[in-house]
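Take a look at the structure below.
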There are 6 protein chains.
Amino acid sequence: MYIPFSVKNILRLALEEDIGHGDITTTFTIPEGHRSKALLVAKGNFIVAGMPFAKEVFHIVDAGTEFRIFHGEGSKVRRGDIIAEIAGNTRTLLSCERVSLNILQRLCGIATLTSVFVEKVKGAGVKIVDTRKTTPGLRFMEKYAVRMGGGSNHRFGLFDGILIKDNHIEAVGSITAAISSSRQAHHLLKIEVEVENLTELKEAVHAGADVIMLDNMSIADMKEAVKMAKGKAILEASGNMSLERVRDVAETGVDLISIGALTHSAPAADISMKIVR
Amino acid sequence: MYIPFSVKNILRLALEEDIGHGDITTTFTIPEGHRSKALLVAKGNFIVAGMPFAKEVFHIVDAGTEFRIFHGEGSKVRRGDIIAEIAGNTRTLLSCERVSLNILQRLCGIATLTSVFVEKVKGAGVKIVDTRKTTPGLRFMEKYAVRMGGGSNHRFGLFDGILIKDNHIEAVGSITAAISSSRQAHHLLKIEVEVENLTELKEAVHAGADVIMLDNMSIADMKEAVKMAKGKAILEASGNMSLERVRDVAETGVDLISIGALTHSAPAADISMKIVR
Amino acid sequence: MYIPFSVKNILRLALEEDIGHGDITTTFTIPEGHRSKALLVAKGNFIVAGMPFAKEVFHIVDAGTEFRIFHGEGSKVRRGDIIAEIAGNTRTLLSCERVSLNILQRLCGIATLTSVFVEKVKGAGVKIVDTRKTTPGLRFMEKYAVRMGGGSNHRFGLFDGILIKDNHIEAVGSITAAISSSRQAHHLLKIEVEVENLTELKEAVHAGADVIMLDNMSIADMKEAVKMAKGKAILEASGNMSLERVRDVAETGVDLISIGALTHSAPAADISMKIVR
Amino acid sequence: MYIPFSVKNILRLALEEDIGHGDITTTFTIPEGHRSKALLVAKGNFIVAGMPFAKEVFHIVDAGTEFRIFHGEGSKVRRGDIIAEIAGNTRTLLSCERVSLNILQRLCGIATLTSVFVEKVKGAGVKIVDTRKTTPGLRFMEKYAVRMGGGSNHRFGLFDGILIKDNHIEAVGSITAAISSSRQAHHLLKIEVEVENLTELKEAVHAGADVIMLDNMSIADMKEAVKMAKGKAILEASGNMSLERVRDVAETGVDLISIGALTHSAPAADISMKIVR
Amino acid sequence: MYIPFSVKNILRLALEEDIGHGDITTTFTIPEGHRSKALLVAKGNFIVAGMPFAKEVFHIVDAGTEFRIFHGEGSKVRRGDIIAEIAGNTRTLLSCERVSLNILQRLCGIATLTSVFVEKVKGAGVKIVDTRKTTPGLRFMEKYAVRMGGGSNHRFGLFDGILIKDNHIEAVGSITAAISSSRQAHHLLKIEVEVENLTELKEAVHAGADVIMLDNMSIADMKEAVKMAKGKAILEASGNMSLERVRDVAETGVDLISIGALTHSAPAADISMKIVR
Amino acid sequence: MYIPFSVKNILRLALEEDIGHGDITTTFTIPEGHRSKALLVAKGNFIVAGMPFAKEVFHIVDAGTEFRIFHGEGSKVRRGDIIAEIAGNTRTLLSCERVSLNILQRLCGIATLTSVFVEKVKGAGVKIVDTRKTTPGLRFMEKYAVRMGGGSNHRFGLFDGILIKDNHIEAVGSITAAISSSRQAHHLLKIEVEVENLTELKEAVHAGADVIMLDNMSIADMKEAVKMAKGKAILEASGNMSLERVRDVAETGVDLISIGALTHSAPAADISMKIVR
């Protein structure tokens, strides 16, 4: 798997942050050449995501560390399952334990929460997508975890997608003007517009928006929006999405449901590392 | 406030991650010299934490951005409160919005969850402390948020505290041997040992541990531990701490209660930025 | 103007490359506090592009350097015109001269070549666009220069646009399959496909390509392609575009003409810096 | 071949610039483990230069990529020649294609233009040398390409050679004073002075300049300069050198001819990469 | 041995500083594929320290360089002893020679000076410790060298130890207040206070300082201090320690003697590298 | 004064090394807005060198810190003299104290030792020069300190001077061949050769060496060397230079005496910082 330089940088920063000038407890108690096997054990039920990054953490410190993975990316594990076995220098295993677990616990948590939402809307023909509400520095990994949980990704950042919001509209004067000036400036990206009511929706459709985000609309309004615009633009429901409400939203007929909580509020999965010998 | 270089690095990485080669929507719709005021508005009730880092985000992009802060670090806000007003170049405001909110939402979330735990143990003479279960790259900021919520910090990383765990003990042979070899290697740091039962506790006290972590003990065992060791070592309760159980733990008489969830599972606080003119 | 971190990095690398541990000639001959004015003078006719980056070069070394710009970005200058006046520490002026001129000469050269192509196709309703055939590290600045010359930008990199080429098609089996698998993976980016003949074009249109690149086609074939696909997809002519041929290509009715030479083979504009006192 | 850290940095920046968070087209269409062979094919006649850097590009992404080079550095190739064969992961090959070609095309272009100048002055006992008019960040590679084309290098930067120009002279008061103050400050580097006429030349020789640059002189003046100074100082002709004029300049008897166009205006060589299986 | 990222950075900076864009003498005189063996030879008597860092220097440039070490870390060598044999590419050996020797000479010098102090206090039950008076950027390596010479380390930096000095005391008002505010802020680090006389010592003991630094006290005062505080706090003697005086200080009964000269004024050990074939 | 990026990098690394995630003692005891004045006081007699770098250290942390310098670079101070007064935030002053003093003490030490050697050879018409035996990362600052002490600089690194040593000669076959191949490769740098006896000297002179290093020669041989080669090449005496021997060496008539000890074994000057209010 291609790991971008920016991800390698953040993994390295995370190791520096935790190990600093040295893991002193380990240095004082574990002999230098000592080797061990360690197991990554699930302490709850969740979807696995992030092992390529966890591996990279150990390999940054010692490229000779060996992995056997028993539950691949995107698979479900249950409390007690052994996800992977790691063999290598004991000092390396102990010094990298926390950083790799911190990553895995977060990414498995995100994949798991995503999969619950995906399950809820099963069969409704809608995609669950993420947002830019990710942890600073971890966006690539968190968006990856969303995919492992069965979700899809929205734009990566401000640079690879046009999304016109209320503030932009105000500055240019109208939805129509904002779409037109964006279209002129860039002919190869789709243009998405955020609308807050059906009047704005009508204008957005008319102005030729490719994607329209229905922001914080009621179920009733979303149904109406689908009637008006389905097929003319991709429709994305957004705002305060909960597990309780997501099925109803899905059944309005929108194409996408975007959920910030997937990345900003997923509880960590519980995973531990046990040295076995 | 002193912001370490490592934090400035992560803020810069976060901006690069989101803005990349440019915020294209903003570039296409907002004129270059346009200026605005924006409000940071609470969309729920929470403890404020992280404004110095949010400010730094804007200042990295444009040092001339101005801030008026209405609710200081550690204060409580309610839904609808205006936390701060930001004045500056409109493009800068819009391009930095998401990164700064992502940081604030996480840090306010952590401070808020911490404060709930702190409230629960009020009067019991115990401190709520964090762990190393932090987001990779954000440890400094997350530990800061714990303090803003009324909690205290455990060691920062593997380099500034000795914490002997089961794996270390196994390698050296005994708790006594592990403490002794650590003491010899470093005479200026306190030595903490993790124990899983009262027999191990006894050995740890006898070997002169300065701090003893009671790992996943029952309330009954913790009470017994306090009887045996209080005053001889600092006692830290650890493992699966919940809001339901924390008061009972506090009342056993331990000195510290460490809680991983403070940083790994705090739900994000809800904050938005509104351009007002 | 927002200058991405990656551009600031490359400017700094360029300064390190040239100045290293010091501009020894200047150190040996110019007194430390000496101040001067310098003029940037056009030694030929060209389009101005790149002053914001040239300014940044001087400001990296000495933030107090002052600029008066007489010919703005995108304007035409003639041999002998004074583009800008720079006032500051003489050592700074001399030490930054070459790096800033190297950037300006390249960017003005690109803007100028672009403007010649744009002029050639005037009135034909076609856009001149760049490619990824840019100088390593300078893409942002070079694509900016293309815009200053009246051209438009194609995708920035491999990450913000889907462009399916022959090698991709071969691996998936068919144009139809390649488009379908891309569409499924990403619903927010347009999909461009490269075709080499009219049969492939037909398939691409049928499969729903948003943009179709006509690779190295004859004028006759391009005319036929326009008949078949205009309005169903954006049509981009590509391959061995010369000043002689570009007008004929434009008149076939394609929407875009992409030209690698804009960035990889534009001759440098001739500019010099004169210390005037 | 030793590749300086600064070159590795620029190659990495170039990859980040192009690939960013991922080559999405390739990810969507090429299976992860897919392997291929690719050929680098000459689409014109030129001198080969830069394969060590192109290799490094692929090796940064995947150290296991294999190369077979059929035409070594400095050799001439003709349209249709296969320069090298690359075997490796298909995703790596496609993702690195553009960056490596951008480098090769530029360096082969520089080597080729240099070789044309070198050919023109053959037998005249003069060296063709480059200048500091190189692409920001690419100086090491571009100066290398000049050597591959049969040229020689002038100083690398401002730090490893003393070159006194008119601005320096003005500040110190005279050529004599400038040389004297430089000589005193540094006894281990040769001292070069730029002169604009024969009077200045006389002073420079008298003051003991080791190298004298004849700036923009007429052929007649250069002949006179050679009579006056040959053997007393190394003589370098500089300024607006063209293929038409370079032979005449060479025959004046100067030792060096420096040409900025070698690096700032060489047209790119045309090279393509073909996946063959 | 774990080498922190910060040390790898400084080694890389040191190589860039010395080699820059290339070791030109070696490039001009040594053929590219040439291989050699080289010996590291002691030109005096000293303690060996730093080979892991010297190895890393060669491995950064060429991971295939081979080492045979004849005298391990901490061992004594005499003039003429061969410390290690290095086999590899001749250009690599010559280009890395100076940087690796500069490190080794400094670290062996520090280890040697430390060992002389340690020898002087043998049997007195006192530890020789270093300070923060280290070379900027080299602290990890220099503190390592102190250990190789038989010494112990004080805190690493300002972040992993509390040391209250006169300036801090003045700001808070009293030793007692300073200790109390520190104790409250951090319960897991020992607290050290610097005192200048016996009155201050009494206050520090009473306030519960864990470690007390006796700054620039007379032998008589130190004896008195030991009587007053031994066993209640760890006592550290500090200030102007010389080889002449250190034994007397040790015999006062203090626990630690800290010596800045170990790292700031140790003369370099003399080591040379000889190419043997 | 121009401070190269590489020096700014090392200063920043030094601050990170010492302060890490925070100066905890200062944070616990000094109020955030507290301001003070501090004096830099000489605790011995020495030559001042390095204040521009010390200033930069404080300015990296807080650009508003103010300096008044009473004894300029290169001036002599006596025990008790106040070198400079610094005013600013008390936390900044205390947190930067050690790093800035570590730099100043080293640089003043180097300048002072250099000045002693310079004094010894006064009137003999010889220059004292440094070597590449500098502290990794600090070469620019240390070579600067040599100049402040009245010495001169040899080449900066392997990239800006040709110095042919025995190992190079062996590989090419002879001194003559080594000089000739270097001359051909680079016509703008002087060529220095190391010789070990008068036979080699003769060959070096004959081959046209610009500078000849007399390595570890006896006084008698150096006198003979001067007779043979003075005026034909610059003569540099090198090897085991001591204060006792340097005058005799100077009087042999050599042009340069290079001394590694200037930078690798200068004892630190003693300087302290006192907060005065």
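Chain labels A, B, ... are given in the sequence in which chains occur in the structure tokens; within each chain residues are numbered consecutively from 1, and ligands are likewise numbered from 1 in the order shown.
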As a PDB file with N, CA and C atoms, in the first residue's frame, list the residues of range 28-217 of chain D assigned to strand (DSSP E) by DSSP on the backbone atoms of this structure.
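Result went into part08.pdb, see below:
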```pdb
ATOM      1  N   ARG D  35       2.499  -6.366 -11.399  1.00  0.00           N
ATOM      2  CA  ARG D  35       3.873  -6.001 -11.768  1.00  0.00           C
ATOM      3  C   ARG D  35       4.016  -5.827 -13.283  1.00  0.00           C
ATOM      4  N   SER D  36       4.921  -4.963 -13.697  1.00  0.00           N
ATOM      5  CA  SER D  36       5.103  -4.691 -15.122  1.00  0.00           C
ATOM      6  C   SER D  36       6.562  -4.407 -15.459  1.00  0.00           C
ATOM      7  N   LYS D  37       6.811  -4.403 -16.767  1.00  0.00           N
ATOM      8  CA  LYS D  37       8.056  -3.855 -17.294  1.00  0.00           C
ATOM      9  C   LYS D  37       7.702  -2.602 -18.074  1.00  0.00           C
ATOM     10  N   ALA D  38       8.583  -1.631 -18.013  1.00  0.00           N
ATOM     11  CA  ALA D  38       8.357  -0.400 -18.761  1.00  0.00           C
ATOM     12  C   ALA D  38       9.637  -0.037 -19.485  1.00  0.00           C
ATOM     13  N   LEU D  39       9.486   0.593 -20.656  1.00  0.00           N
ATOM     14  CA  LEU D  39      10.654   1.026 -21.421  1.00  0.00           C
ATOM     15  C   LEU D  39      10.711   2.545 -21.459  1.00  0.00           C
ATOM     16  N   LEU D  40      11.910   3.062 -21.306  1.00  0.00           N
ATOM     17  CA  LEU D  40      12.109   4.491 -21.542  1.00  0.00           C
ATOM     18  C   LEU D  40      12.566   4.640 -22.987  1.00  0.00           C
ATOM     19  N   VAL D  41      11.775   5.339 -23.778  1.00  0.00           N
ATOM     20  CA  VAL D  41      12.040   5.405 -25.216  1.00  0.00           C
ATOM     21  C   VAL D  41      12.346   6.835 -25.655  1.00  0.00           C
ATOM     22  N   ALA D  42      13.411   6.975 -26.455  1.00  0.00           N
ATOM     23  CA  ALA D  42      13.739   8.300 -27.004  1.00  0.00           C
ATOM     24  C   ALA D  42      12.774   8.632 -28.129  1.00  0.00           C
ATOM     25  N   PHE D  46      19.167  12.828 -28.880  1.00  0.00           N
ATOM     26  CA  PHE D  46      19.723  13.667 -27.794  1.00  0.00           C
ATOM     27  C   PHE D  46      20.816  12.932 -27.025  1.00  0.00           C
ATOM     28  N   ILE D  47      21.427  13.663 -26.092  1.00  0.00           N
ATOM     29  CA  ILE D  47      22.451  13.110 -25.212  1.00  0.00           C
ATOM     30  C   ILE D  47      21.775  12.668 -23.912  1.00  0.00           C
ATOM     31  N   GLU D  66      13.694  -2.431 -10.403  1.00  0.00           N
ATOM     32  CA  GLU D  66      14.943  -2.821 -11.089  1.00  0.00           C
ATOM     33  C   GLU D  66      15.159  -2.076 -12.400  1.00  0.00           C
ATOM     34  N   PHE D  67      16.409  -1.758 -12.660  1.00  0.00           N
ATOM     35  CA  PHE D  67      16.761  -1.006 -13.875  1.00  0.00           C
ATOM     36  C   PHE D  67      17.767  -1.764 -14.725  1.00  0.00           C
ATOM     37  N   ARG D  68      17.552  -1.754 -16.034  1.00  0.00           N
ATOM     38  CA  ARG D  68      18.602  -2.150 -16.980  1.00  0.00           C
ATOM     39  C   ARG D  68      18.791  -0.967 -17.919  1.00  0.00           C
ATOM     40  N   ILE D  69      20.003  -0.431 -17.901  1.00  0.00           N
ATOM     41  CA  ILE D  69      20.267   0.779 -18.687  1.00  0.00           C
ATOM     42  C   ILE D  69      21.023   0.399 -19.949  1.00  0.00           C
ATOM     43  N   LYS D  76      24.936   9.265 -26.992  1.00  0.00           N
ATOM     44  CA  LYS D  76      23.926   9.816 -27.906  1.00  0.00           C
ATOM     45  C   LYS D  76      22.863   8.771 -28.215  1.00  0.00           C
ATOM     46  N   VAL D  77      21.620   9.159 -28.188  1.00  0.00           N
ATOM     47  CA  VAL D  77      20.565   8.237 -28.621  1.00  0.00           C
ATOM     48  C   VAL D  77      19.788   8.874 -29.774  1.00  0.00           C
ATOM     49  N   ILE D  82      15.752   2.515 -27.162  1.00  0.00           N
ATOM     50  CA  ILE D  82      15.303   2.223 -25.802  1.00  0.00           C
ATOM     51  C   ILE D  82      16.450   2.549 -24.851  1.00  0.00           C
ATOM     52  N   ILE D  83      16.229   3.520 -23.992  1.00  0.00           N
ATOM     53  CA  ILE D  83      17.295   3.979 -23.095  1.00  0.00           C
ATOM     54  C   ILE D  83      17.433   3.031 -21.914  1.00  0.00           C
ATOM     55  N   ALA D  84      16.309   2.582 -21.374  1.00  0.00           N
ATOM     56  CA  ALA D  84      16.378   1.720 -20.203  1.00  0.00           C
ATOM     57  C   ALA D  84      15.093   0.920 -20.072  1.00  0.00           C
ATOM     58  N   GLU D  85      15.198  -0.160 -19.319  1.00  0.00           N
ATOM     59  CA  GLU D  85      14.033  -0.989 -19.013  1.00  0.00           C
ATOM     60  C   GLU D  85      13.863  -0.984 -17.497  1.00  0.00           C
ATOM     61  N   ILE D  86      12.653  -0.782 -17.045  1.00  0.00           N
ATOM     62  CA  ILE D  86      12.382  -0.712 -15.614  1.00  0.00           C
ATOM     63  C   ILE D  86      11.374  -1.798 -15.261  1.00  0.00           C
ATOM     64  N   ALA D  87      11.660  -2.577 -14.245  1.00  0.00           N
ATOM     65  CA  ALA D  87      10.716  -3.625 -13.841  1.00  0.00           C
ATOM     66  C   ALA D  87      10.318  -3.418 -12.392  1.00  0.00           C
ATOM     67  N   GLY D  88       9.015  -3.532 -12.121  1.00  0.00           N
ATOM     68  CA  GLY D  88       8.599  -3.356 -10.730  1.00  0.00           C
ATOM     69  C   GLY D  88       7.093  -3.349 -10.598  1.00  0.00           C
ATOM     70  N   ASN D  89       6.647  -2.911  -9.440  1.00  0.00           N
ATOM     71  CA  ASN D  89       5.227  -2.790  -9.170  1.00  0.00           C
ATOM     72  C   ASN D  89       4.586  -1.782 -10.139  1.00  0.00           C
ATOM     73  N   LYS D 127      36.971  26.101 -23.205  1.00  0.00           N
ATOM     74  CA  LYS D 127      35.981  25.307 -22.486  1.00  0.00           C
ATOM     75  C   LYS D 127      34.639  26.031 -22.460  1.00  0.00           C
ATOM     76  N   ILE D 128      33.562  25.255 -22.615  1.00  0.00           N
ATOM     77  CA  ILE D 128      32.214  25.802 -22.467  1.00  0.00           C
ATOM     78  C   ILE D 128      31.822  25.590 -21.002  1.00  0.00           C
ATOM     79  N   VAL D 129      31.475  26.659 -20.304  1.00  0.00           N
ATOM     80  CA  VAL D 129      31.104  26.514 -18.886  1.00  0.00           C
ATOM     81  C   VAL D 129      29.705  27.074 -18.633  1.00  0.00           C
ATOM     82  N   ILE D 162      35.023  33.425  -5.650  1.00  0.00           N
ATOM     83  CA  ILE D 162      34.948  34.881  -5.518  1.00  0.00           C
ATOM     84  C   ILE D 162      34.804  35.451  -6.926  1.00  0.00           C
ATOM     85  N   LEU D 163      33.738  36.191  -7.159  1.00  0.00           N
ATOM     86  CA  LEU D 163      33.543  36.820  -8.470  1.00  0.00           C
ATOM     87  C   LEU D 163      33.093  38.251  -8.212  1.00  0.00           C
ATOM     88  N   ILE D 164      34.033  39.162  -8.422  1.00  0.00           N
ATOM     89  CA  ILE D 164      33.800  40.581  -8.135  1.00  0.00           C
ATOM     90  C   ILE D 164      33.131  41.230  -9.334  1.00  0.00           C
ATOM     91  N   ILE D 191      40.585  34.429  -7.404  1.00  0.00           N
ATOM     92  CA  ILE D 191      39.754  35.629  -7.434  1.00  0.00           C
ATOM     93  C   ILE D 191      39.432  35.976  -8.880  1.00  0.00           C
ATOM     94  N   GLU D 192      38.128  36.055  -9.168  1.00  0.00           N
ATOM     95  CA  GLU D 192      37.719  36.425 -10.521  1.00  0.00           C
ATOM     96  C   GLU D 192      37.089  37.820 -10.479  1.00  0.00           C
ATOM     97  N   VAL D 193      37.351  38.584 -11.523  1.00  0.00           N
ATOM     98  CA  VAL D 193      36.798  39.939 -11.625  1.00  0.00           C
ATOM     99  C   VAL D 193      36.105  40.077 -12.971  1.00  0.00           C
ATOM    100  N   GLU D 194      34.991  40.759 -12.954  1.00  0.00           N
ATOM    101  CA  GLU D 194      34.284  41.059 -14.195  1.00  0.00           C
ATOM    102  C   GLU D 194      34.746  42.414 -14.707  1.00  0.00           C
ATOM    103  N   VAL D 195      35.148  42.491 -15.967  1.00  0.00           N
ATOM    104  CA  VAL D 195      35.555  43.794 -16.533  1.00  0.00           C
ATOM    105  C   VAL D 195      34.718  44.074 -17.778  1.00  0.00           C
ATOM    106  N   VAL D 211      41.344  35.182 -12.449  1.00  0.00           N
ATOM    107  CA  VAL D 211      40.451  34.933 -13.579  1.00  0.00           C
ATOM    108  C   VAL D 211      39.761  36.250 -13.913  1.00  0.00           C
ATOM    109  N   ILE D 212      39.598  36.530 -15.196  1.00  0.00           N
ATOM    110  CA  ILE D 212      38.948  37.788 -15.584  1.00  0.00           C
ATOM    111  C   ILE D 212      37.810  37.486 -16.553  1.00  0.00           C
ATOM    112  N   MET D 213      36.627  37.978 -16.195  1.00  0.00           N
ATOM    113  CA  MET D 213      35.476  37.785 -17.066  1.00  0.00           C
ATOM    114  C   MET D 213      35.301  38.998 -17.969  1.00  0.00           C
ATOM    115  N   LEU D 214      35.340  38.731 -19.272  1.00  0.00           N
ATOM    116  CA  LEU D 214      35.155  39.798 -20.259  1.00  0.00           C
ATOM    117  C   LEU D 214      33.664  39.870 -20.543  1.00  0.00           C
ATOM    118  N   ASP D 215      33.027  40.894 -19.985  1.00  0.00           N
ATOM    119  CA  ASP D 215      31.576  40.929 -20.029  1.00  0.00           C
ATOM    120  C   ASP D 215      31.042  41.658 -21.250  1.00  0.00           C
TER     121      ASP D 215
END
```
Who sits within 10 Å of Leu243 in chain C, only C-alpha atoms, same chain under 6 positions skipped, as an MDAnalysis selection string: chainID C and resid 113 116:118 120:121
Per residue of chain F within 8 Å of chain E, which atom pair is closest and at what distance in Å (one decimal), using only C-alpha atoms, listed by chain and increasing number, as JSON lines?
```
{"residue": "F:Ser6", "atom": "CA", "partner": "E:Leu13", "partner_atom": "CA", "distance": 8.0}
{"residue": "F:Ile10", "atom": "CA", "partner": "E:Gly137", "partner_atom": "CA", "distance": 6.8}
{"residue": "F:Leu11", "atom": "CA", "partner": "E:Pro136", "partner_atom": "CA", "distance": 7.4}
{"residue": "F:Leu13", "atom": "CA", "partner": "E:Gly137", "partner_atom": "CA", "distance": 6.1}
{"residue": "F:Ala14", "atom": "CA", "partner": "E:Pro136", "partner_atom": "CA", "distance": 4.9}
{"residue": "F:Glu17", "atom": "CA", "partner": "E:Gly137", "partner_atom": "CA", "distance": 6.8}
{"residue": "F:Asp18", "atom": "CA", "partner": "E:Gly157", "partner_atom": "CA", "distance": 4.6}
{"residue": "F:Ile19", "atom": "CA", "partner": "E:Leu158", "partner_atom": "CA", "distance": 5.2}
{"residue": "F:Gly20", "atom": "CA", "partner": "E:Phe159", "partner_atom": "CA", "distance": 5.9}
{"residue": "F:His21", "atom": "CA", "partner": "E:Phe159", "partner_atom": "CA", "distance": 6.3}
{"residue": "F:Gly22", "atom": "CA", "partner": "E:Phe159", "partner_atom": "CA", "distance": 5.3}
{"residue": "F:Asp23", "atom": "CA", "partner": "E:Leu158", "partner_atom": "CA", "distance": 4.6}
{"residue": "F:Ile24", "atom": "CA", "partner": "E:Phe159", "partner_atom": "CA", "distance": 5.6}
{"residue": "F:Thr25", "atom": "CA", "partner": "E:Ile162", "partner_atom": "CA", "distance": 5.1}
{"residue": "F:Thr26", "atom": "CA", "partner": "E:His168", "partner_atom": "CA", "distance": 6.8}
{"residue": "F:Phe28", "atom": "CA", "partner": "E:Ser182", "partner_atom": "CA", "distance": 5.5}
{"residue": "F:Thr29", "atom": "CA", "partner": "E:His168", "partner_atom": "CA", "distance": 6.0}
{"residue": "F:Ile30", "atom": "CA", "partner": "E:Ala171", "partner_atom": "CA", "distance": 6.0}
{"residue": "F:Ser95", "atom": "CA", "partner": "E:Leu158", "partner_atom": "CA", "distance": 7.8}
{"residue": "F:Arg98", "atom": "CA", "partner": "E:Lys133", "partner_atom": "CA", "distance": 7.2}
{"residue": "F:Val99", "atom": "CA", "partner": "E:Pro136", "partner_atom": "CA", "distance": 6.8}
{"residue": "F:Asn102", "atom": "CA", "partner": "E:Lys133", "partner_atom": "CA", "distance": 5.9}
{"residue": "F:Ile103", "atom": "CA", "partner": "E:Pro136", "partner_atom": "CA", "distance": 7.0}
{"residue": "F:Arg106", "atom": "CA", "partner": "E:His264", "partner_atom": "CA", "distance": 7.5}
{"residue": "F:Arg132", "atom": "CA", "partner": "E:Arg98", "partner_atom": "CA", "distance": 7.3}
{"residue": "F:Lys133", "atom": "CA", "partner": "E:Asn102", "partner_atom": "CA", "distance": 5.9}
{"residue": "F:Thr134", "atom": "CA", "partner": "E:Asn102", "partner_atom": "CA", "distance": 6.7}
{"residue": "F:Thr135", "atom": "CA", "partner": "E:Asn102", "partner_atom": "CA", "distance": 6.5}
{"residue": "F:Pro136", "atom": "CA", "partner": "E:Ala14", "partner_atom": "CA", "distance": 4.9}
{"residue": "F:Gly137", "atom": "CA", "partner": "E:Ala14", "partner_atom": "CA", "distance": 4.9}
{"residue": "F:Arg139", "atom": "CA", "partner": "E:Glu17", "partner_atom": "CA", "distance": 7.5}
{"residue": "F:Phe156", "atom": "CA", "partner": "E:Asp18", "partner_atom": "CA", "distance": 7.5}
{"residue": "F:Gly157", "atom": "CA", "partner": "E:Asp18", "partner_atom": "CA", "distance": 4.6}
{"residue": "F:Leu158", "atom": "CA", "partner": "E:Asp23", "partner_atom": "CA", "distance": 4.6}
{"residue": "F:Phe159", "atom": "CA", "partner": "E:Asp23", "partner_atom": "CA", "distance": 5.2}
{"residue": "F:Asp160", "atom": "CA", "partner": "E:Ile24", "partner_atom": "CA", "distance": 7.8}
{"residue": "F:Gly161", "atom": "CA", "partner": "E:Ile24", "partner_atom": "CA", "distance": 7.6}
{"residue": "F:Ile162", "atom": "CA", "partner": "E:Thr25", "partner_atom": "CA", "distance": 5.1}
{"residue": "F:Leu163", "atom": "CA", "partner": "E:Thr25", "partner_atom": "CA", "distance": 6.2}
{"residue": "F:Ile164", "atom": "CA", "partner": "E:Thr25", "partner_atom": "CA", "distance": 6.3}
{"residue": "F:Asn167", "atom": "CA", "partner": "E:Ile275", "partner_atom": "CA", "distance": 6.7}
{"residue": "F:His168", "atom": "CA", "partner": "E:Thr29", "partner_atom": "CA", "distance": 5.9}
{"residue": "F:Ile169", "atom": "CA", "partner": "E:Thr29", "partner_atom": "CA", "distance": 7.7}
{"residue": "F:Ala171", "atom": "CA", "partner": "E:Ile30", "partner_atom": "CA", "distance": 6.0}
{"residue": "F:Val172", "atom": "CA", "partner": "E:Thr29", "partner_atom": "CA", "distance": 6.0}
{"residue": "F:Ala178", "atom": "CA", "partner": "E:Thr29", "partner_atom": "CA", "distance": 6.1}
{"residue": "F:Ser181", "atom": "CA", "partner": "E:Phe28", "partner_atom": "CA", "distance": 6.4}
{"residue": "F:Ser182", "atom": "CA", "partner": "E:Phe28", "partner_atom": "CA", "distance": 5.5}
{"residue": "F:Ala185", "atom": "CA", "partner": "E:Phe28", "partner_atom": "CA", "distance": 6.7}
{"residue": "F:His264", "atom": "CA", "partner": "E:Ala268", "partner_atom": "CA", "distance": 5.9}
{"residue": "F:Ser265", "atom": "CA", "partner": "E:Pro267", "partner_atom": "CA", "distance": 4.6}
{"residue": "F:Ala266", "atom": "CA", "partner": "E:Ser265", "partner_atom": "CA", "distance": 7.0}
{"residue": "F:Pro267", "atom": "CA", "partner": "E:Ser265", "partner_atom": "CA", "distance": 4.5}
{"residue": "F:Ala268", "atom": "CA", "partner": "E:Ser265", "partner_atom": "CA", "distance": 5.6}
{"residue": "F:Ile275", "atom": "CA", "partner": "E:Asn167", "partner_atom": "CA", "distance": 6.6}
```
